Amino acid sequence: MNVNVRGVFLCMRAEIKQFRKQGASKVPYSIVNTSSVAGLRGTHGQSGYGASKAAVVSMTQAAAFEYAAAGIRINCINPAIIRTRMAGPGDLTAQIAEKTNPSKRMGTANEVINAVEFLLDERTTFINGICLPIDGGLSGKL
C-alpha cells in the first residue's frame with residue numbers, strides 16, 4: 001500500500017501543485033498513473049495487490065473529476081503481465097500468462113509506452129478519468 005497507493009498519491013499531489021503553479025495552458029496538463037489489470041478485477045491470491053491497484057483506479061477517477069476544470073487530465077493504465085526482465089522466457093509466471101491470455105502472448109514494454117503516449121497526446125484532450133487495460137483481452141475474459 002505504501003508504494004502502490006501512497007506513492008501514486010504523493011506523485012500526483014506534486015504534479016498537480018506544479019501544474020497549478022504554472023498556470024493555464026492551451027493544452028490541458030496530463031497525468032498517467034500506473035495501476036494493473038488486477039486493479040480492475042480480483043484474481044486468486046492477489047487480494048492485497050489487487051486492492052492497492054484498485055485504489056489507484058479510484059484515486060485516478062476521483063482526481064480526474066476534481067481537477068478537470070483546472071485543465072488537468074488524469075488517466076491510468078492497467079497492464080497485465082508485461083514481458084520484462086522480471087517476466088521473461090522460462091519464467092513460470094510468464095509461461096502461465098502466455099497460456100491463459102486470450103492473445104496467447106504477453107504484452108511488451110513498447111506496447112505500454114504506446115498507450116501512455118496516446119493518453120498524453122494533445123489530440124486526446126477530451127479523454128479524462130479512464131483506466132486503460134493493456135492486457136491482450138484478459139480483462140474481458142476474467
# chains A, B, ... in the order shown; residues from 1 in each chain; ligands from 1
call {"tool": "residues_around", "arguments": {"residues": "Ile134 in chain A", "least_positions_apart": "3", "cutoff": "8 Å", "atoms": "only C-alpha atoms", "output": "VMD selection string"}}
result
chain A and resid 37 77 to 80 107 111 to 112 115 137
call {"tool": "select_by_dssp", "arguments": {"residues": "range 52-140 of chain A", "states": "helix (DSSP H, G or I)", "output": "number ranges by chain"}}
result
A: 52-70, 92-100, 109-120, 122-124, 138-140
call {"tool": "closest_atom_pairs", "arguments": {"of": "range 43-126 of chain A", "to": "range 10-30 of chain A", "cutoff": "12 Å", "atoms": "only C-alpha atoms", "output": "JSON lines"}}
result
{"residue": "A:Val56", "atom": "CA", "partner": "A:Met12", "partner_atom": "CA", "distance": 10.7}
{"residue": "A:Met59", "atom": "CA", "partner": "A:Met12", "partner_atom": "CA", "distance": 9.7}
{"residue": "A:Thr60", "atom": "CA", "partner": "A:Met12", "partner_atom": "CA", "distance": 9.1}
{"residue": "A:Ala63", "atom": "CA", "partner": "A:Met12", "partner_atom": "CA", "distance": 9.0}
{"residue": "A:Ala64", "atom": "CA", "partner": "A:Ser30", "partner_atom": "CA", "distance": 9.8}
{"residue": "A:Glu66", "atom": "CA", "partner": "A:Ile16", "partner_atom": "CA", "distance": 11.1}
{"residue": "A:Tyr67", "atom": "CA", "partner": "A:Ile16", "partner_atom": "CA", "distance": 8.4}
{"residue": "A:Ala68", "atom": "CA", "partner": "A:Pro28", "partner_atom": "CA", "distance": 8.6}
{"residue": "A:Ala69", "atom": "CA", "partner": "A:Pro28", "partner_atom": "CA", "distance": 9.8}
{"residue": "A:Ala70", "atom": "CA", "partner": "A:Arg20", "partner_atom": "CA", "distance": 7.7}
{"residue": "A:Gly71", "atom": "CA", "partner": "A:Pro28", "partner_atom": "CA", "distance": 4.7}
{"residue": "A:Ile72", "atom": "CA", "partner": "A:Tyr29", "partner_atom": "CA", "distance": 4.7}
{"residue": "A:Arg73", "atom": "CA", "partner": "A:Ser30", "partner_atom": "CA", "distance": 4.6}
{"residue": "A:Ile74", "atom": "CA", "partner": "A:Ser30", "partner_atom": "CA", "distance": 5.8}
{"residue": "A:Asn75", "atom": "CA", "partner": "A:Ser30", "partner_atom": "CA", "distance": 7.9}
{"residue": "A:Cys76", "atom": "CA", "partner": "A:Ser30", "partner_atom": "CA", "distance": 10.5}
{"residue": "A:Val116", "atom": "CA", "partner": "A:Ser30", "partner_atom": "CA", "distance": 10.5}
{"residue": "A:Glu117", "atom": "CA", "partner": "A:Ser30", "partner_atom": "CA", "distance": 10.7}
{"residue": "A:Phe118", "atom": "CA", "partner": "A:Ser30", "partner_atom": "CA", "distance": 11.1}
{"residue": "A:Leu119", "atom": "CA", "partner": "A:Ser30", "partner_atom": "CA", "distance": 8.0}
{"residue": "A:Leu120", "atom": "CA", "partner": "A:Ser30", "partner_atom": "CA", "distance": 6.0}
{"residue": "A:Asp121", "atom": "CA", "partner": "A:Ser30", "partner_atom": "CA", "distance": 8.8}
{"residue": "A:Glu122", "atom": "CA", "partner": "A:Val27", "partner_atom": "CA", "distance": 6.5}
{"residue": "A:Arg123", "atom": "CA", "partner": "A:Val27", "partner_atom": "CA", "distance": 9.3}
{"residue": "A:Thr124", "atom": "CA", "partner": "A:Pro28", "partner_atom": "CA", "distance": 9.8}
{"residue": "A:Thr125", "atom": "CA", "partner": "A:Pro28", "partner_atom": "CA", "distance": 6.6}
{"residue": "A:Phe126", "atom": "CA", "partner": "A:Pro28", "partner_atom": "CA", "distance": 9.2}
call {"tool": "write_last_selection", "arguments": {"atoms": "N, CA and C atoms", "output": "compact mmCIF listing (two decimals), in the first residue's frame"}}
result
# COMPACT_ATOMS: atom_id res chain seq x y z
N VAL A 56 -5.66 2.85 -6.78
CA VAL A 56 -5.09 3.75 -7.80
C VAL A 56 -6.16 4.09 -8.85
N MET A 59 -8.63 6.50 -7.14
CA MET A 59 -7.98 7.80 -6.94
C MET A 59 -7.85 8.55 -8.27
N THR A 60 -7.50 7.84 -9.32
CA THR A 60 -7.38 8.44 -10.65
C THR A 60 -8.72 9.02 -11.09
N ALA A 63 -9.75 12.09 -8.86
CA ALA A 63 -8.91 13.26 -9.12
C ALA A 63 -9.19 13.83 -10.50
N ALA A 64 -9.48 12.98 -11.48
CA ALA A 64 -9.81 13.46 -12.82
C ALA A 64 -11.04 14.37 -12.77
N GLU A 66 -12.13 15.97 -10.05
CA GLU A 66 -11.83 17.14 -9.23
C GLU A 66 -11.02 18.20 -9.96
N TYR A 67 -10.10 17.79 -10.83
CA TYR A 67 -9.16 18.74 -11.44
C TYR A 67 -9.42 19.03 -12.91
N ALA A 68 -10.48 18.49 -13.48
CA ALA A 68 -10.78 18.73 -14.90
C ALA A 68 -10.97 20.22 -15.18
N ALA A 69 -11.70 20.91 -14.31
CA ALA A 69 -11.95 22.35 -14.52
C ALA A 69 -10.68 23.18 -14.43
N ALA A 70 -9.65 22.64 -13.79
CA ALA A 70 -8.36 23.34 -13.68
C ALA A 70 -7.47 23.04 -14.89
N GLY A 71 -7.99 22.28 -15.86
CA GLY A 71 -7.21 21.96 -17.05
C GLY A 71 -6.19 20.86 -16.84
N ILE A 72 -6.50 19.93 -15.93
CA ILE A 72 -5.60 18.81 -15.66
C ILE A 72 -6.35 17.51 -15.92
N ARG A 73 -5.84 16.72 -16.86
CA ARG A 73 -6.41 15.41 -17.15
C ARG A 73 -5.65 14.35 -16.37
N ILE A 74 -6.36 13.38 -15.85
CA ILE A 74 -5.71 12.30 -15.10
C ILE A 74 -6.33 10.97 -15.54
N ASN A 75 -5.48 10.11 -16.06
CA ASN A 75 -5.89 8.79 -16.52
C ASN A 75 -4.95 7.75 -15.91
N CYS A 76 -5.24 6.48 -16.13
CA CYS A 76 -4.29 5.46 -15.70
C CYS A 76 -4.26 4.32 -16.69
N VAL A 116 0.65 4.93 -23.14
CA VAL A 116 0.90 6.15 -22.36
C VAL A 116 1.02 7.35 -23.29
N GLU A 117 1.76 7.19 -24.38
CA GLU A 117 1.89 8.29 -25.35
C GLU A 117 0.53 8.71 -25.89
N PHE A 118 -0.34 7.74 -26.15
CA PHE A 118 -1.68 8.03 -26.62
C PHE A 118 -2.43 8.90 -25.61
N LEU A 119 -2.37 8.50 -24.34
CA LEU A 119 -3.10 9.25 -23.31
C LEU A 119 -2.51 10.63 -23.08
N LEU A 120 -1.22 10.81 -23.34
CA LEU A 120 -0.58 12.12 -23.17
C LEU A 120 -0.73 13.03 -24.38
N ASP A 121 -1.10 12.46 -25.50
CA ASP A 121 -1.15 13.21 -26.76
C ASP A 121 -2.18 14.34 -26.69
N GLU A 122 -1.84 15.48 -27.27
CA GLU A 122 -2.76 16.62 -27.23
C GLU A 122 -4.00 16.40 -28.09
N ARG A 123 -4.01 15.36 -28.92
CA ARG A 123 -5.21 15.06 -29.70
C ARG A 123 -6.23 14.29 -28.88
N THR A 124 -5.88 13.90 -27.65
CA THR A 124 -6.80 13.13 -26.81
C THR A 124 -7.21 13.93 -25.56
N THR A 125 -7.33 15.23 -25.72
CA THR A 125 -7.57 16.10 -24.56
C THR A 125 -8.96 15.93 -23.93
N PHE A 126 -9.88 15.25 -24.60
CA PHE A 126 -11.19 15.02 -24.00
C PHE A 126 -11.25 13.68 -23.27
call {"tool": "atom_distance", "arguments": {"atom1": "CA of Val57 in chain A", "atom2": "CA of Thr43 in chain A"}}
result
15.9 Å
call {"tool": "select_by_dssp", "arguments": {"residues": "range 15-99 of chain A", "states": "strand (DSSP E)", "output": "VMD selection string"}}
result
chain A and resid 29 to 34 72 to 79 82 to 83
call {"tool": "residues_around", "arguments": {"residues": "range 94-105 of chain A", "least_positions_apart": "4", "cutoff": "8 Å", "atoms": "only C-alpha atoms", "output": "NGL selection string"}}
result
:A and (81 or 83 or 87-90 or 135-138 or 141)
call {"tool": "write_last_selection", "arguments": {"atoms": "C-alpha atoms", "output": "PDB file, in the first residue's frame"}}
result
ATOM      1  CA  ILE A  81       1.966  -9.107 -17.011  1.00  0.00           C
ATOM      2  CA  ARG A  83       7.450  -9.165 -20.862  1.00  0.00           C
ATOM      3  CA  ALA A  87       8.845 -11.954 -16.535  1.00  0.00           C
ATOM      4  CA  GLY A  88      10.877 -13.352 -19.386  1.00  0.00           C
ATOM      5  CA  PRO A  89      11.290 -16.612 -21.282  1.00  0.00           C
ATOM      6  CA  GLY A  90      11.500 -19.600 -18.985  1.00  0.00           C
ATOM      7  CA  ASP A 135      -3.854  -6.844 -21.442  1.00  0.00           C
ATOM      8  CA  GLY A 136      -4.495  -8.587 -24.745  1.00  0.00           C
ATOM      9  CA  GLY A 137      -8.167  -9.028 -23.826  1.00  0.00           C
ATOM     10  CA  LEU A 138      -7.549 -10.614 -20.423  1.00  0.00           C
ATOM     11  CA  LYS A 141     -12.084 -12.926 -20.023  1.00  0.00           C
TER      12      LYS A 141
END
